[in-house]
Each structure stands twice: as C-alpha cells, then as structure tokens.
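Engineer: File follows, run18.txt with compact mmCIF, C-alpha atoms:
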```txt
# COMPACT_ATOMS: atom_id res chain seq x y z
CA MET A 1 -30.30 20.02 -44.04
CA GLN A 2 -26.60 19.46 -44.66
CA TYR A 3 -25.67 22.69 -42.86
CA PHE A 4 -28.07 21.82 -40.06
CA ASP A 5 -26.28 18.47 -39.53
CA ILE A 6 -22.90 20.22 -39.35
CA ILE A 7 -24.18 22.71 -36.77
CA LEU A 8 -25.75 19.87 -34.76
CA PHE A 9 -22.49 17.86 -34.68
CA ALA A 10 -20.55 20.97 -33.67
CA LEU A 11 -22.91 21.60 -30.76
CA ILE A 12 -22.56 17.98 -29.64
CA ALA A 13 -18.74 18.25 -29.80
CA VAL A 14 -18.77 21.42 -27.68
CA PHE A 15 -21.07 19.76 -25.18
CA LEU A 16 -18.77 16.73 -24.83
CA VAL A 17 -15.69 18.92 -24.33
CA LEU A 18 -17.42 20.88 -21.58
CA ARG A 19 -18.53 17.69 -19.86
CA LEU A 20 -15.00 16.24 -19.99
CA ARG A 21 -13.50 19.43 -18.56
CA SER A 22 -16.04 19.51 -15.73
CA THR A 23 -15.46 15.82 -14.95
CA LEU A 24 -11.68 15.59 -15.22
CA GLY A 25 -10.80 19.13 -14.16
CA ARG A 26 -7.95 21.16 -15.56
CA ARG A 27 -4.23 21.18 -14.83
CA ASN A 28 -1.93 24.09 -15.46
CA GLY A 29 1.24 22.00 -15.50
CA GLU A 30 2.65 23.75 -12.42
CA GLU A 31 1.43 21.42 -9.68
CA LYS A 32 4.11 20.52 -7.14
CA GLN A 33 4.50 16.77 -6.81
CA GLY A 34 7.02 15.05 -4.60
CA PRO A 35 8.32 11.51 -5.01
CA THR A 36 5.81 8.67 -4.97
CA ASP A 37 6.32 6.23 -2.10
CA VAL A 38 5.60 2.50 -1.99
CA PHE A 39 2.11 3.24 -0.69
CA GLY A 40 1.18 5.10 -3.86
CA ARG A 41 1.07 8.55 -2.23
CA ARG A 42 2.97 11.62 -3.23
CA SER A 43 4.71 13.84 -0.72
CA HIS A 44 3.56 17.45 -0.70
CA GLU A 45 5.68 20.52 -0.16
CA ASP A 46 2.56 22.52 0.59
CA ASP A 47 1.37 21.56 4.08
CA SER A 48 -1.15 24.39 4.29
CA LYS A 49 -4.02 22.15 3.19
CA GLY A 50 -6.34 21.90 6.17
CA ALA A 51 -8.57 19.03 7.12
CA LYS A 52 -12.31 19.23 7.27
CA ASN A 53 -14.03 17.30 10.04
CA GLY A 54 -10.73 15.62 10.91
CA ALA A 55 -10.10 14.19 7.44
CA PRO A 56 -7.81 15.59 4.74
CA GLN A 57 -9.47 16.66 1.53
CA PRO A 58 -8.67 14.70 -1.66
CA THR A 59 -6.17 16.32 -4.00
CA ASP A 60 -4.84 15.61 -7.47
CA ASN A 61 -1.57 14.43 -5.94
CA VAL A 62 -3.08 11.60 -3.92
CA TYR A 63 -3.49 8.36 -5.82
CA ARG A 64 -6.65 6.64 -4.67
CA LEU A 65 -7.60 3.11 -5.61
CA PRO A 66 -11.20 2.40 -6.63
CA ASP A 67 -12.14 1.17 -3.12
CA ALA A 68 -10.53 4.11 -1.32
CA GLY A 69 -13.90 5.25 -0.06
CA LYS A 70 -14.71 1.98 1.71
CA ALA A 71 -14.27 1.68 5.45
CA ASP A 72 -13.11 -1.96 5.39
CA GLY A 73 -10.28 -2.52 7.84
CA THR A 74 -10.33 0.96 9.35
CA VAL A 75 -10.49 1.70 13.06
CA ALA A 76 -13.71 2.87 14.70
CA ALA A 77 -13.75 6.40 16.07
CA ASP A 78 -14.48 5.20 19.61
CA SER A 79 -11.32 3.08 19.88
CA SER A 80 -8.08 4.10 21.60
CA THR A 81 -6.16 3.38 18.41
CA PHE A 82 -8.20 6.00 16.57
CA GLY A 83 -6.74 8.72 18.79
CA VAL A 84 -3.22 7.68 17.80
CA LEU A 85 -4.15 7.71 14.13
CA GLN A 86 -5.52 11.24 14.56
CA GLN A 87 -2.17 12.32 16.00
CA ILE A 88 -0.40 10.80 13.00
CA GLN A 89 -2.79 12.59 10.64
CA LYS A 90 -2.20 15.88 12.43
CA ALA A 91 1.53 15.54 11.79
CA ASP A 92 1.00 14.21 8.24
CA PRO A 93 -2.11 15.80 6.62
CA ASP A 94 -1.87 13.40 3.69
CA PHE A 95 -2.42 10.37 5.93
CA THR A 96 -5.75 8.53 5.84
CA GLN A 97 -6.54 5.08 7.16
CA GLN A 98 -7.90 3.78 3.88
CA ASP A 99 -5.01 5.07 1.78
CA PHE A 100 -2.60 3.48 4.23
CA LEU A 101 -4.44 0.15 4.06
CA ASN A 102 -4.46 0.26 0.26
CA GLY A 103 -0.73 0.86 0.28
CA ALA A 104 -0.10 -1.78 2.92
CA ARG A 105 -1.78 -4.33 0.67
CA MET A 106 0.52 -3.32 -2.17
CA ALA A 107 3.57 -3.58 0.08
CA PHE A 108 2.45 -7.01 1.32
CA GLU A 109 2.18 -8.33 -2.22
CA MET A 110 5.54 -6.90 -3.23
CA ILE A 111 7.40 -8.21 -0.18
CA VAL A 112 5.91 -11.71 -0.46
CA GLU A 113 6.86 -11.80 -4.15
CA TYR A 114 10.40 -10.47 -3.64
CA PHE A 115 11.08 -12.86 -0.75
CA ALA A 116 9.88 -15.88 -2.74
CA LYS A 117 12.10 -14.87 -5.67
CA GLY A 118 15.06 -14.15 -3.40
CA ASP A 119 15.21 -10.57 -4.67
CA LYS A 120 17.15 -8.84 -1.89
CA ASP A 121 17.56 -5.63 -3.88
CA GLY A 122 13.79 -5.34 -4.20
CA LEU A 123 13.29 -6.00 -0.49
CA ASN A 124 15.94 -3.61 0.80
CA PRO A 125 14.04 -0.28 0.53
CA LEU A 126 10.83 -1.80 1.92
CA LEU A 127 12.29 -3.25 5.13
CA SER A 128 14.02 -1.91 8.20
CA ALA A 129 17.67 -2.90 8.62
CA GLU A 130 16.86 -5.61 11.18
CA VAL A 131 14.00 -7.18 9.21
CA TYR A 132 16.06 -7.05 6.01
CA LYS A 133 18.91 -8.84 7.79
CA ASN A 134 16.58 -11.68 8.81
CA PHE A 135 14.93 -11.91 5.39
CA ALA A 136 18.29 -11.92 3.61
CA ALA A 137 19.63 -14.61 5.95
CA ALA A 138 16.62 -16.82 5.17
CA ILE A 139 17.13 -16.30 1.42
CA ASP A 140 20.83 -17.16 1.71
CA ALA A 141 20.09 -20.27 3.79
CA ARG A 142 17.61 -21.40 1.18
CA ALA A 143 20.17 -20.90 -1.58
CA GLU A 144 22.84 -22.84 0.32
CA LYS A 145 20.47 -25.82 0.53
CA GLY A 146 19.86 -25.61 -3.19
CA GLU A 147 16.20 -24.86 -2.63
CA ARG A 148 13.86 -22.32 -4.16
CA GLU A 149 10.49 -21.08 -2.99
CA GLU A 150 7.45 -20.78 -5.23
CA THR A 151 4.71 -18.67 -3.67
CA THR A 152 1.53 -17.63 -5.42
CA LEU A 153 -0.52 -15.04 -3.57
CA VAL A 154 -4.06 -16.02 -4.50
CA GLY A 155 -5.50 -12.99 -2.77
CA ILE A 156 -5.71 -10.90 0.38
CA LYS A 157 -9.00 -11.73 2.10
CA SER A 158 -8.69 -8.87 4.58
CA ALA A 159 -6.29 -6.23 5.86
CA THR A 160 -7.27 -4.45 9.06
CA ILE A 161 -5.54 -1.98 11.34
CA HIS A 162 -4.70 -4.01 14.42
CA ASP A 163 -2.81 -1.44 16.49
CA ALA A 164 -1.08 1.93 16.27
CA THR A 165 1.40 3.68 18.54
CA LEU A 166 3.36 6.90 18.42
CA GLU A 167 6.76 6.90 20.11
CA GLY A 168 8.33 10.31 19.86
CA ARG A 169 8.52 11.13 16.16
CA THR A 170 8.08 7.53 15.00
CA ALA A 171 4.65 6.15 14.15
CA TYR A 172 4.01 2.40 14.23
CA ILE A 173 0.95 0.84 12.60
CA THR A 174 0.29 -2.90 12.77
CA ILE A 175 -1.85 -4.49 10.06
CA LYS A 176 -3.45 -7.90 10.35
CA PHE A 177 -3.38 -9.63 6.96
CA VAL A 178 -5.46 -12.70 6.15
CA SER A 179 -4.30 -14.08 2.82
CA GLU A 180 -4.68 -17.15 0.65
CA GLU A 181 -1.48 -18.55 -0.79
CA VAL A 182 -0.03 -21.53 -2.59
CA SER A 183 3.51 -22.05 -1.35
CA VAL A 184 6.02 -24.83 -2.03
CA ILE A 185 9.76 -25.27 -1.70
CA ARG A 186 11.57 -27.28 -4.37
CA ASN A 187 15.10 -28.63 -4.61
CA ASN A 188 17.42 -28.28 -7.57
CA ASP A 189 15.75 -31.24 -9.27
CA GLY A 190 12.37 -29.59 -9.03
CA ASP A 191 11.06 -32.01 -6.42
CA VAL A 192 8.75 -30.63 -3.74
CA VAL A 193 10.53 -30.47 -0.40
CA SER A 194 7.65 -28.92 1.53
CA GLY A 195 4.20 -27.59 0.75
CA ASP A 196 1.57 -28.68 -1.75
CA PRO A 197 1.32 -27.00 -5.18
CA ASN A 198 -2.34 -27.99 -5.38
CA GLN A 199 -3.42 -26.69 -1.98
CA VAL A 200 -4.47 -23.14 -1.13
CA ILE A 201 -3.67 -22.30 2.47
CA GLU A 202 -4.95 -19.43 4.58
CA ALA A 203 -2.31 -17.44 6.44
CA GLU A 204 -2.61 -14.79 9.13
CA ASP A 205 0.17 -12.27 9.66
CA LEU A 206 0.71 -9.20 11.79
CA TRP A 207 3.01 -6.73 10.03
CA THR A 208 4.15 -3.51 11.65
CA PHE A 209 5.14 -0.54 9.53
CA ALA A 210 6.98 2.50 10.86
CA ARG A 211 7.82 6.01 9.71
CA ASN A 212 9.34 9.18 11.14
CA ILE A 213 6.33 11.47 10.75
CA GLU A 214 8.49 14.59 10.80
CA SER A 215 10.72 13.36 8.00
CA ARG A 216 10.33 14.57 4.41
CA ASP A 217 10.75 10.95 3.33
CA PRO A 218 7.17 9.67 2.83
CA ASN A 219 8.12 5.98 2.90
CA TRP A 220 6.93 3.54 5.54
CA GLN A 221 9.08 0.48 6.23
CA LEU A 222 8.24 -2.96 7.53
CA VAL A 223 9.86 -3.18 10.98
CA ALA A 224 8.36 -6.37 12.45
CA THR A 225 6.44 -9.49 11.42
CA GLU A 226 4.67 -12.03 13.58
CA THR A 227 1.86 -14.55 13.47
CA PRO A 228 -1.12 -14.13 15.82
CA GLU A 229 -0.73 -17.70 17.12
CA GLU A 230 3.02 -17.79 17.70
CA GLU A 231 3.54 -14.05 18.28
CA THR A 232 7.12 -14.41 17.16
CA THR A 233 8.68 -11.14 16.05
CA GLN A 234 11.35 -11.27 13.39
```
Rewrite the structure of this file - the entire thing - as structure tokens.

Structural biologist:
Amino acid sequence: MQYFDIILFALIAVFLVLRLRSTLGRRNGEEKQGPTDVFGRRSHEDDSKGAKNGAPQPTDNVYRLPDAGKADGTVAADSSTFGVLQQIQKADPDFTQQDFLNGARMAFEMIVEYFAKGDKDGLNPLLSAEVYKNFAAAIDARAEKGEREETTLVGIKSATIHDATLEGRTAYITIKFVSEEVSVIRNNDGDVVSGDPNQVIEAEDLWTFARNIESRDPNWQLVATETPEEETTQ
C-alpha cells in the first residue's frame, strides 16, 4: 500500500504539471518584446501577424486587463467612427478598441493624480507640448497663490469612444470620461479655499489622444481636453 500511495501521488503530480503547461503555455525565452507604453501594450517588431475577421489575434506580448473582452465603450460597427478605427488598426495591428479604452482609463487616472500633486515630470511624457504648457502654467499659478489641490478619484463610471479621426499619419481618438471625484483646494494653513472634502461630484470630460501611427514609438499623448457643456479646448 505504501508503494501504491507513492505511485498515486506521482501520477497526480504529472497530471498537474501537464495541466499547468496546457493552461499557461510555454516560453522559450526568445520572444521579441518592445518597450511598454502608458497604455500597457508592447510594441512589436514583427508586423507579420495578420488579423482574423478584422481583429488582431491575442499574443503573449499584449497585456490585457480582466475586462478586455467586454464591449463597454466601444464603437458599433455601423458607425462612421468605426471605419476610422479600422484604418488605424490596419496601420497598427496591435490596436484594439478595448485595449485602447483600458489604457485610456489608466492614463486618465495617472494624469489626474499627477496634476493634483503638481508633478510636472510625471505629466510631461503623457501630454503634448501645448497641453503640458497649459497644465504646467496652472500648477505654477496654484503654487504662487500658496494653494494645493487634493483630488481623490473615486472611480471612472464610464469611458466611451466619442470620436476618431485620421489626419495624414496622425490618429486622433476622443474619449468621453464620466468620473466621480472628491476635489478641494487648500491654502497653506490647510483651510479649504474651494470644493467640499465630503462631497463626491460627477465630472464629464472629453479627452483627445493622438499618435503618429507610422512611428515606432507606441505612445499616445493627450493633445486636448474639454468639457461637453463648455466645449473649451485647452
């Protein structure tokens, strides 16, 4: 019976190893991986991967969040914007709507956090030169007044593709964010100058990201911000 138990445990161990290998797959250590951009993707040197039914196939080099398979926020196939997104995907086989939306959420959180903290170094690579100039000026003006901003992003209720255009080699995608935030501005004494630390407000923003789709640089940058009501571009 003792030998039988040993054989039984060995068979179970082999079975588990085989299941793990079939589930996780195998790597040979020679995969080509480019730099990871702010959207969590990796650039690929091998552009020979084709798309099936108009959508790129998942690869080990694409980081997908748990909800990457959901269609929330994506554009319907019968819309004019969908045709532009197909053109972008044709030029960049790694592009998918859902991956872009996942990354746009990450970028939104990072930019809101960096701006509230006054971290211009953190903002710089995420923004175009013009938007960075405006953000930096606002941070400097706040510092000159002796004020600091405290913003807590409670959550992003929705992020949907609002528009997309392709101008020459540059792709522009506008995302409509609906978020819940707690935002206050305090003076040097810690007194609240504006806002309510106990109130959660809902904010709507239209952020436009851009990228040269023929560039080897996989990063998208924030090139414009506006609110749906005021439609004021920064």

Engineer: One number please: atom CA of A:Lys145 to atom CA of A:Asn188, in Å, one decimal.

Structural biologist: 9.0 Å

Engineer: Nearest residue to A:Gln97 out of A:Lys157, A:Lys133, A:His162, A:Lys120, using all atoms listed in the file?

Structural biologist: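 With all atoms listed in the file as the atom set, the closest residue is A:His162.
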
Engineer: At a cut-off of 12 Å, using all atoms listed in the file, what residues contact stretch 75-88 of chain A? Leave out same-chain residues fewer than 4 positions from it and give the result as number ranges by chain.

Structural biologist: A: 51, 53-56, 71, 92-98, 100-101, 159-175, 210-214

Engineer: If we count all atoms listed in the file, what is near stretch 115-119 of chain A at a cut-off of 9 Å, once residues fewer than 6 positions away on the same chain are taken out, given as a VMD selection string?

Structural biologist: chain A and resid 135 to 136 139 to 140 142 to 143 148 to 152 183

Engineer: Rounded to one decimal in Å, what is the spacing between atom CA of A:Thr225 and atom CA of A:Ala203?

Structural biologist: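 It comes out at 12.8 Å.
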
Engineer: Mind giving me the straight-line distance from atom CA of A:Thr208 to atom CA of A:Ala141 in Å, one decimal?

Structural biologist: 24.4 Å

Engineer: What are the centre and edge lengths in Å, to one decimal, of the axis-aligned box around all listed atoms of stretch 103-121 of chain A with 4 Å added on each side, as JSON?

Structural biologist:
```
{"center_x": 7.9, "center_y": -7.5, "center_z": -1.4, "size_x": 27.3, "size_y": 24.7, "size_z": 16.6}
```

Engineer: Just checking: using all atoms listed in the file, which residue out of A:Arg186, A:Val178, A:Ser215, A:Ser158 ends up closest to A:Thr227?

Structural biologist: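 Answer, going by the shortest atom-to-atom distance: A:Val178.
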
Engineer: Stretch 189-192 of chain A: which residues within 10 Å, counting all atoms listed in the file, same-chain residues fewer than 2 positions away excluded, as number ranges by chain?

Structural biologist: A: 146-149, 184-187, 194-197

Engineer: Identify the residues around (0.4, -6.1, 7.1) within a radius of 6 Å, measuring from only C-alpha atoms in the coordinates stated by the file, and give them as a PDB file with C-alpha atoms, in the frame of the given file.

Structural biologist:
```pdb
ATOM      1  CA  ILE A 175      -1.850  -4.490  10.060  1.00  0.00           C
ATOM      2  CA  LYS A 176      -3.450  -7.900  10.350  1.00  0.00           C
ATOM      3  CA  PHE A 177      -3.380  -9.630   6.960  1.00  0.00           C
ATOM      4  CA  LEU A 206       0.710  -9.200  11.790  1.00  0.00           C
ATOM      5  CA  TRP A 207       3.010  -6.730  10.030  1.00  0.00           C
TER       6      TRP A 207
END
```

Engineer: Any idea what's packed within 10 Å of A:Leu127, counting only C-alpha atoms, ignoring anything in its chain fewer than 5 positions away? Could you give it as a list in words?

Structural biologist: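 In the requested form, the answer reads Ile111, Gly122, Tyr132, Lys133, Phe135, Phe209, Ala210, Trp220, Gln221, Leu222, Val223 and Ala224 of chain A.
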
Engineer: Which of these, A:Ile156, A:Pro218, A:Ile201, A:Gly73, has the shortest distance to A:Ser179 once you count only C-alpha atoms?

Structural biologist: A:Ile156

Engineer: Could you check the closest approach to A:Asp205 for each of A:Leu126, A:Glu144, A:Val131, A:Phe108 and tell me which residue wins, using all atoms listed in the file?

Structural biologist: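 The closest residue to A:Asp205 is A:Phe108.
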
Engineer: Would you fill the gaps in stretch 76-99 of chain A so it has N, CA and C atoms, then print it as a short mmCIF file (atom, residue, chain, number, x, y, z; two decimals), keeping the file's coordinate frame?

Structural biologist:
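See result.cif below for the written result:
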```cif
data_model
loop_
_atom_site.label_atom_id
_atom_site.label_comp_id
_atom_site.auth_asym_id
_atom_site.auth_seq_id
_atom_site.Cartn_x
_atom_site.Cartn_y
_atom_site.Cartn_z
N ALA A 76 -12.53 2.10 14.29
CA ALA A 76 -13.71 2.87 14.70
C ALA A 76 -13.28 4.09 15.51
N ALA A 77 -14.10 5.13 15.43
CA ALA A 77 -13.75 6.40 16.07
C ALA A 77 -13.76 6.32 17.59
N ASP A 78 -14.41 5.30 18.16
CA ASP A 78 -14.48 5.20 19.61
C ASP A 78 -13.38 4.33 20.20
N SER A 79 -12.40 3.91 19.39
CA SER A 79 -11.32 3.08 19.88
C SER A 79 -10.12 3.93 20.28
N SER A 80 -9.28 3.37 21.17
CA SER A 80 -8.08 4.10 21.60
C SER A 80 -7.09 4.27 20.45
N THR A 81 -7.07 3.30 19.55
CA THR A 81 -6.16 3.38 18.41
C THR A 81 -6.49 4.55 17.52
N PHE A 82 -7.78 4.90 17.43
CA PHE A 82 -8.20 6.00 16.57
C PHE A 82 -7.55 7.31 17.00
N GLY A 83 -7.39 7.51 18.31
CA GLY A 83 -6.74 8.72 18.79
C GLY A 83 -5.30 8.83 18.33
N VAL A 84 -4.60 7.69 18.29
CA VAL A 84 -3.22 7.68 17.80
C VAL A 84 -3.18 8.01 16.32
N LEU A 85 -4.11 7.45 15.57
CA LEU A 85 -4.15 7.71 14.13
C LEU A 85 -4.45 9.19 13.86
N GLN A 86 -5.26 9.81 14.71
CA GLN A 86 -5.52 11.24 14.56
C GLN A 86 -4.25 12.06 14.78
N GLN A 87 -3.44 11.63 15.76
CA GLN A 87 -2.17 12.32 16.00
C GLN A 87 -1.24 12.20 14.79
N ILE A 88 -1.22 11.01 14.19
CA ILE A 88 -0.40 10.80 13.00
C ILE A 88 -0.89 11.68 11.87
N GLN A 89 -2.21 11.76 11.71
CA GLN A 89 -2.79 12.59 10.64
C GLN A 89 -2.51 14.07 10.87
N LYS A 90 -2.49 14.47 12.12
CA LYS A 90 -2.20 15.88 12.43
C LYS A 90 -0.78 16.23 11.99
N ALA A 91 0.15 15.30 12.19
CA ALA A 91 1.53 15.54 11.79
C ALA A 91 1.73 15.35 10.29
N ASP A 92 0.90 14.48 9.68
CA ASP A 92 1.00 14.21 8.24
C ASP A 92 -0.40 14.37 7.64
N PRO A 93 -0.76 15.56 7.14
CA PRO A 93 -2.11 15.80 6.62
C PRO A 93 -2.51 14.90 5.46
N ASP A 94 -1.54 14.28 4.80
CA ASP A 94 -1.87 13.40 3.69
C ASP A 94 -2.32 12.01 4.16
N PHE A 95 -2.13 11.71 5.42
CA PHE A 95 -2.42 10.37 5.93
C PHE A 95 -3.92 10.14 6.09
N THR A 96 -4.40 9.02 5.57
CA THR A 96 -5.75 8.53 5.84
C THR A 96 -5.65 7.03 6.09
N GLN A 97 -6.57 6.51 6.87
CA GLN A 97 -6.54 5.08 7.16
C GLN A 97 -6.68 4.25 5.88
N GLN A 98 -7.63 4.62 5.04
CA GLN A 98 -7.90 3.78 3.88
C GLN A 98 -6.76 3.82 2.87
N ASP A 99 -6.16 4.99 2.67
CA ASP A 99 -5.01 5.07 1.78
C ASP A 99 -3.86 4.22 2.31
#
```
